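Undergrad: Next comes my_file14.tsv, TSV, C-alpha atoms and all ligand atoms:
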chain	number	residue	atom	x	y	z
W	1	GLN	CA	50.32	-73.22	41.16
W	2	ASN	CA	48.58	-70.80	38.81
W	3	ASN	CA	44.79	-70.92	38.95
W	4	LEU	CA	44.09	-69.39	35.54
W	5	PRO	CA	45.28	-71.81	32.87
W	6	ASP	CA	48.29	-71.52	30.59
W	7	THR	CA	47.26	-72.84	27.19
W	8	PHE	CA	49.79	-74.65	25.02
W	9	THR	CA	49.76	-76.95	22.00
W	10	ASP	CA	51.75	-80.18	22.00
W	11	ALA	CA	53.93	-79.93	18.90
W	12	ASP	CA	53.84	-83.64	18.02
W	13	THR	CA	50.09	-84.23	18.24
W	14	GLY	CA	48.50	-80.77	17.97
W	15	ILE	CA	46.60	-81.41	21.22
W	16	VAL	CA	45.70	-78.12	22.94
W	17	PHE	CA	45.93	-78.18	26.75
W	18	ASN	CA	44.88	-75.91	29.58
W	19	SER	CA	47.75	-76.36	32.06
W	20	TRP	CA	48.89	-75.38	35.54
W	21	GLY	CA	52.39	-75.69	36.87
W	22	LEU	CA	55.26	-74.85	39.15
W	23	SER	CA	58.48	-73.52	37.63
W	24	PRO	CA	61.83	-75.23	38.29
W	25	GLU	CA	62.69	-72.25	40.54
W	26	ASP	CA	59.59	-72.68	42.72
W	27	PRO	CA	60.61	-73.60	46.29
W	28	ARG	CA	57.63	-75.95	46.72
W	29	THR	CA	59.17	-78.66	44.53
W	30	GLN	CA	62.56	-79.40	42.99
W	31	GLY	CA	62.56	-79.56	39.22
W	32	GLY	CA	59.14	-78.07	38.50
W	33	PHE	CA	55.83	-79.73	37.71
W	34	ARG	CA	53.09	-79.30	35.13
W	35	PHE	CA	49.68	-80.89	34.58
W	36	GLY	CA	47.31	-80.18	31.72
W	37	VAL	CA	43.95	-81.32	30.42
W	38	ALA	CA	42.18	-81.41	27.07
W	39	LEU	CA	38.44	-82.09	27.22
W	40	PRO	CA	35.59	-83.12	24.91
W	41	GLU	CA	33.95	-80.27	22.98
W	42	ASP	CA	30.88	-79.92	25.24
W	43	ALA	CA	32.73	-80.43	28.55
W	44	LEU	CA	32.14	-76.88	29.74
W	45	SER	CA	28.36	-77.36	29.53
W	46	ASN	CA	27.98	-81.15	30.07
W	47	ASP	CA	30.17	-82.95	32.60
W	48	ALA	CA	32.83	-84.97	30.80
W	49	THR	CA	33.70	-88.43	32.07
W	50	GLU	CA	37.16	-88.44	30.52
W	51	PHE	CA	40.07	-86.21	29.55
W	52	ILE	CA	43.41	-86.23	27.84
W	53	GLY	CA	46.08	-85.46	30.43
W	54	TYR	CA	49.56	-83.96	30.20
W	55	LEU	CA	52.07	-84.62	32.97
W	56	GLU	CA	55.58	-83.23	33.18
W	57	CYS	CA	57.27	-84.31	36.39
W	58	ALA	CA	60.71	-84.02	37.95
W	59	SER	CA	63.05	-86.95	38.56
W	60	LYS	CA	66.61	-87.38	39.78
W	61	ASP	CA	68.77	-89.63	37.59
W	62	SER	CA	65.47	-90.88	36.08
W	63	GLN	CA	64.25	-91.95	39.55
W	64	GLY	CA	60.97	-90.78	41.06
W	65	TRP	CA	57.22	-90.65	40.67
W	66	CYS	CA	54.49	-88.06	40.64
W	67	GLY	CA	50.77	-88.01	41.10
W	68	VAL	CA	47.62	-86.02	40.55
W	69	SER	CA	44.49	-86.23	42.67
W	70	LEU	CA	41.47	-85.65	40.43
W	71	GLY	CA	39.45	-84.51	43.45
W	72	GLY	CA	42.05	-82.33	45.24
W	73	PRO	CA	42.87	-84.14	48.50
W	74	MET	CA	44.76	-87.43	48.52
W	75	THR	CA	41.80	-89.17	50.16
W	76	ASN	CA	38.54	-90.22	48.46
W	77	SER	CA	39.67	-89.03	45.04
W	78	LEU	CA	40.82	-90.92	41.98
W	79	LEU	CA	44.65	-90.74	41.96
W	80	VAL	CA	46.80	-90.90	38.84
W	81	THR	CA	50.31	-92.12	39.68
W	82	ALA	CA	53.12	-92.03	37.09
W	83	TRP	CA	56.80	-92.96	37.08
W	84	PRO	CA	59.62	-93.51	34.58
W	85	HIS	CA	61.33	-96.85	34.11
W	86	GLU	CA	64.00	-97.19	31.44
W	87	ASP	CA	62.49	-95.51	28.36
W	88	ASN	CA	58.87	-95.87	29.44
W	89	VAL	CA	56.47	-94.05	31.71
W	90	TYR	CA	54.15	-96.33	33.69
W	91	THR	CA	50.90	-95.37	35.41
W	92	SER	CA	48.63	-96.74	38.09
W	93	LEU	CA	45.14	-95.57	39.06
W	94	ARG	CA	44.83	-95.61	42.83
W	95	PHE	CA	42.40	-94.67	45.61
W	96	ALA	CA	43.03	-93.95	49.29
W	97	THR	CA	40.70	-93.47	52.24
W	98	GLY	CA	43.57	-92.47	54.55
W	99	TYR	CA	47.08	-91.04	54.31
W	100	VAL	CA	48.64	-94.43	53.67
W	101	MET	CA	49.69	-96.36	50.56
W	102	PRO	CA	46.71	-96.02	48.19
W	103	ASP	CA	44.89	-99.13	46.98
W	104	VAL	CA	44.53	-100.17	43.36
W	105	TYR	CA	41.39	-98.41	42.03
W	106	GLY	CA	38.60	-100.92	41.47
W	107	GLY	CA	36.41	-98.93	39.07
W	108	ASP	CA	36.34	-98.93	35.29
W	109	ALA	CA	38.67	-95.98	34.71
W	110	GLU	CA	41.43	-96.67	32.23
W	111	ILE	CA	44.61	-94.93	31.10
W	112	THR	CA	45.97	-95.41	27.57
W	113	GLN	CA	49.07	-93.56	26.41
W	114	ILE	CA	49.48	-91.18	23.49
W	115	SER	CA	53.16	-90.30	23.95
W	116	SER	CA	55.87	-90.25	26.59
W	117	SER	CA	59.48	-89.28	27.07
W	118	VAL	CA	62.09	-89.79	29.77
W	119	ASN	CA	65.38	-88.04	30.46
W	120	SER	CA	67.56	-87.85	33.56
W	121	THR	CA	65.73	-84.87	35.09
W	122	HIS	CA	62.13	-85.12	33.85
W	123	PHE	CA	59.50	-87.44	32.46
W	124	ARG	CA	56.53	-86.52	30.39
W	125	LEU	CA	53.32	-88.34	29.53
W	126	ILE	CA	50.30	-87.58	27.37
W	127	PHE	CA	47.48	-90.00	28.12
W	128	ARG	CA	43.80	-90.60	27.70
W	129	CYS	CA	42.03	-91.12	31.01
W	130	LYS	CA	38.73	-92.80	30.22
W	131	ASN	CA	35.98	-92.82	32.89
W	132	CYS	CA	38.33	-90.88	35.17
W	133	LEU	CA	36.08	-87.94	36.13
W	134	ARG	CA	33.41	-90.04	37.90
W	135	TRP	CA	34.64	-92.58	40.40
W	136	GLU	CA	33.43	-95.10	42.94
W	137	GLN	CA	35.48	-97.24	45.29
W	138	ASN	CA	33.86	-99.62	47.78
W	139	GLY	CA	30.53	-97.82	47.37
W	140	MET	CA	32.11	-94.37	47.85
W	141	PRO	CA	31.17	-92.21	44.82
W	142	GLY	CA	32.80	-88.97	43.73
W	143	GLY	CA	33.77	-86.99	40.71
W	144	ALA	CA	34.84	-83.77	39.11
W	145	ALA	CA	32.32	-81.58	37.27
W	146	THR	CA	33.85	-80.03	34.16
W	147	SER	CA	30.67	-77.97	33.56
W	148	SER	CA	31.59	-75.89	36.61
W	149	GLY	CA	34.55	-74.53	34.61
W	150	PHE	CA	36.80	-75.46	37.49
W	151	LEU	CA	38.65	-78.53	38.77
W	152	LEU	CA	40.01	-78.98	42.27
W	153	LEU	CA	43.26	-80.90	41.79
W	154	GLY	CA	46.12	-82.14	43.95
W	155	TRP	CA	49.75	-82.77	43.03
W	156	VAL	CA	52.67	-84.66	44.56
W	157	GLN	CA	56.22	-85.48	43.52
W	158	ALA	CA	58.76	-87.90	44.95
W	159	PHE	CA	62.34	-88.95	44.19
W	160	PRO	CA	62.65	-92.62	45.16
W	161	SER	CA	61.27	-94.83	42.39
W	162	PRO	CA	58.40	-97.21	43.09
W	163	GLY	CA	59.27	-100.81	43.85
W	164	ASN	CA	58.08	-103.35	41.23
W	165	PRO	CA	58.07	-100.58	38.62
W	166	THR	CA	56.93	-102.70	35.67
W	167	CYS	CA	53.85	-104.07	37.52
W	168	PRO	CA	51.51	-101.09	38.12
W	169	ASP	CA	49.17	-103.08	40.40
W	170	GLU	CA	52.11	-104.23	42.53
W	171	ILE	CA	54.09	-101.03	43.07
W	172	THR	CA	55.36	-100.07	46.48
W	173	LEU	CA	55.82	-96.40	47.34
W	174	GLU	CA	57.38	-94.41	50.08
W	175	GLN	CA	55.56	-91.28	51.21
W	176	HIS	CA	56.13	-88.49	48.68
W	177	ASN	CA	59.07	-86.21	49.48
W	178	ASN	CA	59.26	-83.58	46.74
W	179	GLY	CA	56.30	-81.36	47.45
W	180	MET	CA	52.53	-81.61	47.39
W	181	GLY	CA	49.55	-79.32	47.22
W	182	ILE	CA	45.97	-78.69	46.20
W	183	TRP	CA	45.03	-76.08	43.62
W	184	GLY	CA	41.95	-74.71	41.94
W	185	ALA	CA	42.35	-75.22	38.19
W	186	VAL	CA	40.16	-72.84	36.20
W	187	LEU	CA	39.15	-74.13	32.75
W	188	ASP	CA	38.74	-71.78	29.81
W	189	GLY	CA	37.38	-72.29	26.30
W	190	ASN	CA	40.75	-73.62	25.10
W	191	ALA	CA	40.36	-76.72	27.29
W	192	ALA	CA	37.47	-78.11	25.25
W	193	SER	CA	37.90	-79.01	21.60
W	194	ALA	CA	35.95	-80.32	18.62
W	195	SER	CA	39.10	-82.35	17.84
W	196	TYR	CA	38.87	-84.31	21.09
W	197	ALA	CA	37.69	-87.60	19.56
W	198	GLN	CA	40.43	-87.45	16.94
W	199	TRP	CA	43.07	-86.83	19.64
W	200	ALA	CA	41.67	-89.53	21.93
W	201	ALA	CA	42.06	-92.01	19.07
W	202	LEU	CA	45.84	-91.47	19.30
W	203	ALA	CA	45.81	-93.29	22.67
W	204	THR	CA	46.81	-96.74	21.52
W	205	HIS	CA	49.27	-98.29	23.96
W	206	ASN	CA	50.65	-98.83	27.41
W	207	PRO	CA	54.16	-100.04	28.26
W	208	GLU	CA	54.47	-103.82	28.47
X	1	LIG	C1	49.24	-85.62	51.22
X	1	LIG	C2	50.97	-89.87	52.86
X	1	LIG	C3	50.86	-91.66	48.33
X	1	LIG	C4	48.67	-87.60	46.82
X	1	LIG	C5	49.70	-86.62	52.05
X	1	LIG	C6	49.89	-86.49	53.48
X	1	LIG	C7	50.37	-87.68	53.94
X	1	LIG	C8	50.50	-88.57	52.81
X	1	LIG	C9	50.73	-88.04	55.38
X	1	LIG	C10	49.56	-85.25	54.29
X	1	LIG	C11	50.83	-84.56	54.61
X	1	LIG	C12	50.65	-83.20	55.21
X	1	LIG	O1	49.56	-82.63	55.18
X	1	LIG	O2	51.65	-82.71	55.72
X	1	LIG	C13	51.14	-90.71	51.76
X	1	LIG	C14	51.72	-92.05	51.82
X	1	LIG	C15	51.70	-92.55	50.54
X	1	LIG	C16	51.09	-91.52	49.70
X	1	LIG	C17	52.24	-92.70	53.09
X	1	LIG	C18	52.19	-93.87	50.00
X	1	LIG	C19	52.96	-94.72	50.66
X	1	LIG	C20	50.21	-90.74	47.53
X	1	LIG	C21	49.88	-90.93	46.14
X	1	LIG	C22	49.26	-89.78	45.71
X	1	LIG	C23	49.20	-88.88	46.84
X	1	LIG	C24	50.18	-92.18	45.34
X	1	LIG	C25	48.71	-89.41	44.36
X	1	LIG	C26	48.89	-90.08	43.26
X	1	LIG	C27	48.68	-86.70	47.86
X	1	LIG	C28	48.23	-85.33	47.75
X	1	LIG	C29	48.41	-84.75	49.01
X	1	LIG	C30	48.95	-85.78	49.87
X	1	LIG	C31	47.67	-84.68	46.48
X	1	LIG	C32	48.11	-83.29	49.38
X	1	LIG	C33	46.65	-83.07	49.61
X	1	LIG	C34	46.18	-83.63	50.92
X	1	LIG	O3	46.76	-83.27	51.97
X	1	LIG	O4	45.23	-84.42	50.89
X	1	LIG	N1	50.08	-87.90	51.67
X	1	LIG	N2	50.78	-90.43	50.47
X	1	LIG	N3	49.78	-89.50	47.93
X	1	LIG	N4	49.12	-86.95	49.13
X	1	LIG	FE1	49.90	-88.69	49.80
Would you give me this structure, written as structure tokens?
TA:
Amino acid sequence: QNNLPDTFTDADTGIVFNSWGLSPEDPRTQGGFRFGVALPEDALSNDATEFIGYLECASKDSQGWCGVSLGGPMTNSLLVTAWPHEDNVYTSLRFATGYVMPDVYGGDAEITQISSSVNSTHFRLIFRCKNCLRWEQNGMPGGAATSSGFLLLGWVQAFPSPGNPTCPDEITLEQHNNGMGIWGAVLDGNAASASYAQWAALATHNPE
């Protein structure tokens, strides 16, 4: 995973992301992986509580799931889990205190989608993650400080699809089997934008 960000602009929405990824040739995961963030204008001086996320994950015959830990390790961090089902990408916010199936996150974080796409080998999601950079589960607080100019993030990918895929609170997962890791994600000035509020307003829906 690169530490210094690759900046790109999503062609459909104009959203500018700092991103970090693994190429399809990388031996650590089959199919490649990419995660990106766009942040509020002052996020590099005042800690943001939310971000717009970009996920591009690998699947096999449209089966699989991927995840990002917003604190780095799987444990004691807010976990974003995403998977394709038919033409939609579903998400679930989770939290784990051990290396077992994570619980449903009980805090007030919320994902709303901006756009998604699914094909046989990859799925992609652009989403607003509100109240996702400060978390608390069962009295255990944590968070990520965007003003540090750096995020510690974790990634995982897996090929079997979740069970109960259309009920995010009810999914069942097997332990991930297509790579995992922790990386230091450096933020640069392109991550924060005066257009953030306008872009966040594009987050209008979730799959039924
Ligand atoms: C690492 C189990 C779901 C994110 C690990 C490890 C285990 C594990 C045993 C450590 C493996 C090693 O070090 O060799 C499980 C099981 C799950 C599950 C049994 C569900 C049934 C998830 C989910 C996410 C996630 C849903 C995120 C959305 C991570 C990350 C790591 C990791 C980022 C690498 C960083 C670390 O070692 O803490 N998992 N996991 N896991 N897991 Fe999970």
Undergrad: What lies within 10 Å of segment 148-156 of chain W using all atoms listed in the file, ignoring chain neighbours under 5 positions off, as number ranges by chain?
TA: W: 1, 3-4, 21, 29, 33-35, 43-47, 57, 65-74, 77, 79-81, 143, 175-189, 191
Undergrad: Tell me which of W:Pro207, W:Pro27, W:Gly53, W:Pro102 sits closest to Leu125 of chain W, counting all atoms listed in the file.
TA: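 Ranking W:Pro207, W:Pro27, W:Gly53, W:Pro102 by distance to Leu125 of chain W, first place goes to W:Gly53.
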Undergrad: With only C-alpha atoms as the atoms that count, which of W:Ala158, W:Ala201, W:Leu55, W:Ala48 lies nearest to Trp20 of chain W?
TA: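 Once distances to Trp20 of chain W are computed over only C-alpha atoms, the minimum belongs to W:Leu55.
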Undergrad: Do a neighbour search on Phe95 of chain W at 8 Å with all atoms listed in the file, toss out local chain neighbours closer than 3 positions, and write the hits as JSON, numbers by chain.
TA: {"W": [75, 76, 77, 78, 79, 102, 103, 104, 105, 137]}
Undergrad: For each of W:Gly36, W:Gly31, W:Pro24, W:Pro165, take the minimum atom-to-atom distance to Phe8 of chain W, counting only C-alpha atoms, then give the residue where this is smallest.
TA: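 Going through W:Gly36, W:Gly31, W:Pro24, W:Pro165 one by one, the smallest distance to Phe8 of chain W is for W:Gly36.
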Undergrad: Rounded to one decimal place, report the atom CA of Pro168 of chain W-atom CA of Phe51 of chain W distance in Å.
TA: 20.6 Å
Undergrad: Considering all atoms listed in the file, state which residue in the set W:Val89, W:Ile171, W:Ala11, W:Val118 is at the smallest distance from ligand LIG 1 (chain X).
TA: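 Residue with the minimum atom-to-atom distance to ligand LIG 1 (chain X): W:Ile171.
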Undergrad: Mind giving me the straight-line distance from atom C17 of ligand LIG 1 (chain X) to atom CA of Val100 of chain W in Å, one decimal?
TA: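 Going from atom C17 of ligand LIG 1 (chain X) over to atom CA of Val100 of chain W covers 4.0 Å.
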Undergrad: As an exercise, work out the distance from atom CA of Ala96 of chain W to atom CA of Ser161 of chain W in Å and give it to one decimal place.
TA: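 Going from atom CA of Ala96 of chain W over to atom CA of Ser161 of chain W covers 19.5 Å.
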